[in-house]
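Below is model27.cif, holding mmCIF, C-alpha atoms.
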```
data_coords
loop_
_atom_site.group_PDB
_atom_site.id
_atom_site.type_symbol
_atom_site.label_atom_id
_atom_site.label_comp_id
_atom_site.auth_asym_id
_atom_site.auth_seq_id
_atom_site.Cartn_x
_atom_site.Cartn_y
_atom_site.Cartn_z
ATOM 1 C CA MET A 151 -5.441 1.114 8.608
ATOM 2 C CA LEU A 152 -2.227 2.022 10.320
ATOM 3 C CA ASP A 153 -0.936 4.601 7.852
ATOM 4 C CA GLY A 154 -2.456 7.975 8.608
ATOM 5 C CA ASP A 155 -0.366 10.018 6.187
ATOM 6 C CA SER A 156 -3.086 11.035 3.759
ATOM 7 C CA GLU A 157 -5.918 11.501 6.245
ATOM 8 C CA LEU A 158 -4.025 13.181 9.059
ATOM 9 C CA GLY A 159 -0.957 14.652 7.441
ATOM 10 C CA ARG A 160 1.295 12.535 9.650
ATOM 11 C CA GLY A 161 2.102 8.944 10.469
ATOM 12 C CA VAL A 162 4.413 6.136 9.541
ATOM 13 C CA SER A 163 4.266 4.396 6.189
ATOM 14 C CA GLY A 164 6.290 2.381 3.735
ATOM 15 C CA PRO A 165 8.719 -0.314 4.825
ATOM 16 C CA ALA A 166 8.160 0.360 8.520
ATOM 17 C CA LEU A 167 4.562 -0.854 8.342
ATOM 18 C CA LEU A 168 4.415 -3.133 5.332
ATOM 19 C CA ALA A 169 4.323 -6.438 7.244
ATOM 20 C CA ILE A 170 1.895 -5.073 9.842
ATOM 21 C CA GLY A 171 -0.307 -3.518 7.170
ATOM 22 C CA VAL A 172 -0.473 -6.728 5.162
ATOM 23 C CA LEU A 173 -1.364 -8.719 8.290
ATOM 24 C CA ALA A 174 -4.031 -6.176 9.253
ATOM 25 C CA THR A 175 -5.467 -6.361 5.731
ATOM 26 C CA ARG A 176 -5.773 -10.139 6.033
ATOM 27 C CA LYS A 177 -7.555 -9.798 9.361
ATOM 28 C CA VAL A 178 -10.070 -7.114 8.366
ATOM 29 C CA ARG A 179 -10.737 -7.758 4.691
ATOM 30 C CA GLY A 180 -14.442 -7.642 4.053
ATOM 31 C CA ARG A 181 -15.204 -6.310 7.539
ATOM 32 C CA SER A 182 -14.385 -2.653 7.083
ATOM 33 C CA PRO A 183 -15.044 -0.287 4.173
ATOM 34 C CA SER A 184 -11.522 1.145 4.458
ATOM 35 C CA GLY A 185 -9.817 -1.966 5.778
ATOM 36 C CA ASP A 186 -9.293 -3.544 2.394
ATOM 37 C CA ARG A 187 -6.929 -0.875 1.074
ATOM 38 C CA GLY A 188 -3.177 -1.302 0.921
ATOM 39 C CA ARG A 189 -1.200 1.749 1.924
ATOM 40 C CA GLY A 190 2.456 2.569 2.270
ATOM 41 C CA ILE A 191 3.120 1.201 -1.202
ATOM 42 C CA ARG A 192 6.556 1.917 -2.690
ATOM 43 C CA THR A 193 7.012 -0.958 -5.136
ATOM 44 C CA ALA A 194 4.947 -3.376 -7.197
ATOM 45 C CA ARG A 195 6.047 -6.075 -4.777
ATOM 46 C CA ASP A 196 4.506 -4.105 -1.886
ATOM 47 C CA ALA A 197 1.274 -3.742 -3.866
ATOM 48 C CA ARG A 198 1.202 -7.446 -4.693
ATOM 49 C CA GLU A 199 1.588 -8.352 -1.009
ATOM 50 C CA TYR A 200 -1.467 -6.276 -0.118
ATOM 51 C CA LEU A 201 -3.474 -7.601 -3.062
ATOM 52 C CA ALA A 202 -2.578 -11.191 -2.132
ATOM 53 C CA ALA A 203 -3.723 -10.434 1.423
ATOM 54 C CA GLY A 204 -7.140 -9.398 0.095
ATOM 55 C CA ALA A 205 -6.838 -5.649 -0.497
ATOM 56 C CA SER A 206 -9.235 -4.449 -3.180
ATOM 57 C CA LEU A 207 -7.014 -1.482 -4.029
ATOM 58 C CA VAL A 208 -3.690 0.058 -3.104
ATOM 59 C CA ALA A 209 -2.751 3.704 -2.582
ATOM 60 C CA ILE A 210 0.553 5.371 -3.279
ATOM 61 C CA GLY A 211 0.979 8.564 -1.302
ATOM 62 C CA THR A 212 4.167 9.417 0.536
ATOM 63 C CA ALA A 213 6.373 7.511 -1.910
ATOM 64 C CA ALA A 214 5.013 9.666 -4.748
ATOM 65 C CA LEU A 215 6.052 12.800 -2.888
ATOM 66 C CA ALA A 216 9.621 11.546 -2.706
ATOM 67 C CA ASP A 217 9.581 10.344 -6.339
ATOM 68 C CA PRO A 218 6.647 11.364 -8.564
ATOM 69 C CA ARG A 219 7.468 8.492 -10.949
ATOM 70 C CA VAL A 220 6.603 5.800 -8.382
ATOM 71 C CA PRO A 221 2.850 5.486 -9.221
ATOM 72 C CA GLU A 222 3.520 5.047 -12.929
ATOM 73 C CA ARG A 223 6.345 2.578 -12.290
ATOM 74 C CA VAL A 224 4.235 0.487 -9.887
ATOM 75 C CA ALA A 225 1.253 0.470 -12.271
ATOM 76 C CA ARG A 226 3.476 -0.551 -15.195
ATOM 77 C CA GLU A 227 5.091 -3.372 -13.201
ATOM 78 C CA LEU A 228 1.709 -4.614 -11.962
ATOM 79 C CA GLY A 229 0.472 -4.631 -15.559
ATOM 80 C CA ARG A 230 3.326 -6.912 -16.538
ATOM 81 C CA GLY A 231 2.192 -9.491 -14.036
#
```
Kindly return the structure encoded in the file as structure tokens.
Amino acid sequence: MLDGDSELGRGVSGPALLAIGVLATRKVRGRSPSGDRGRGIRTARDAREYLAAGASLVAIGTAALADPRVPERVARELGRG
């Protein structure tokens, strides 16, 4: 994927890559073991976009550093539907 934050300790994530990441997920889903993961997630809406594009899971990294409550908030909102 395009977000190298967790693997490389650098990169661009979040809103800057959301549209590109979702498009890339659509193109590679099922073709790559790591290509079906949504990254750069900040909101439940972001997560839903990746999941709708075929991601099998989403990861919250950089956003959780800025606000440690983000993962819980996203999970709660996803649980509500």
Exercise. Calculate how many Å separate CA of Leu201 in chain A from CA of Thr175 in chain A, rounding to one decimal.
Key: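 If I compute the distance from CA of Leu201 in chain A to CA of Thr175 in chain A, I get 9.1 Å.
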Quiz prompt | Å distance separating CA of Arg226 in chain A from CA of Leu173 in chain A, one decimal place | solution =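 We find that CA of Arg226 in chain A and CA of Leu173 in chain A lie 25.3 Å from each other.
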Exercise. Given the file shown, enumerate the residues that the PyMOL selection byres ((chain A and resi 191) around 9) captures and present them as an MDAnalysis selection string.
Key: chainID A and resid 163:165 168 188:190 192:197 200 208:213 224
The selected residues should be written to file as a PDB file, in the coordinates of the input (atoms: C-alpha atoms).
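The file below, result-v7.pdb, is the result:
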```
ATOM      1  CA  SER A 163       4.266   4.396   6.189  1.00  0.00           C
ATOM      2  CA  GLY A 164       6.290   2.381   3.735  1.00  0.00           C
ATOM      3  CA  PRO A 165       8.719  -0.314   4.825  1.00  0.00           C
ATOM      4  CA  LEU A 168       4.415  -3.133   5.332  1.00  0.00           C
ATOM      5  CA  GLY A 188      -3.177  -1.302   0.921  1.00  0.00           C
ATOM      6  CA  ARG A 189      -1.200   1.749   1.924  1.00  0.00           C
ATOM      7  CA  GLY A 190       2.456   2.569   2.270  1.00  0.00           C
ATOM      8  CA  ARG A 192       6.556   1.917  -2.690  1.00  0.00           C
ATOM      9  CA  THR A 193       7.012  -0.958  -5.136  1.00  0.00           C
ATOM     10  CA  ALA A 194       4.947  -3.376  -7.197  1.00  0.00           C
ATOM     11  CA  ARG A 195       6.047  -6.075  -4.777  1.00  0.00           C
ATOM     12  CA  ASP A 196       4.506  -4.105  -1.886  1.00  0.00           C
ATOM     13  CA  ALA A 197       1.274  -3.742  -3.866  1.00  0.00           C
ATOM     14  CA  TYR A 200      -1.467  -6.276  -0.118  1.00  0.00           C
ATOM     15  CA  VAL A 208      -3.690   0.058  -3.104  1.00  0.00           C
ATOM     16  CA  ALA A 209      -2.751   3.704  -2.582  1.00  0.00           C
ATOM     17  CA  ILE A 210       0.553   5.371  -3.279  1.00  0.00           C
ATOM     18  CA  GLY A 211       0.979   8.564  -1.302  1.00  0.00           C
ATOM     19  CA  THR A 212       4.167   9.417   0.536  1.00  0.00           C
ATOM     20  CA  ALA A 213       6.373   7.511  -1.910  1.00  0.00           C
ATOM     21  CA  VAL A 224       4.235   0.487  -9.887  1.00  0.00           C
TER      22      VAL A 224
END
```
Quiz item: Hey, can you check how far CA of Lys177 in chain A sits from CA of Glu222 in chain A?
Solution: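 Separating CA of Lys177 in chain A from CA of Glu222 in chain A is a distance of 29.0 Å.
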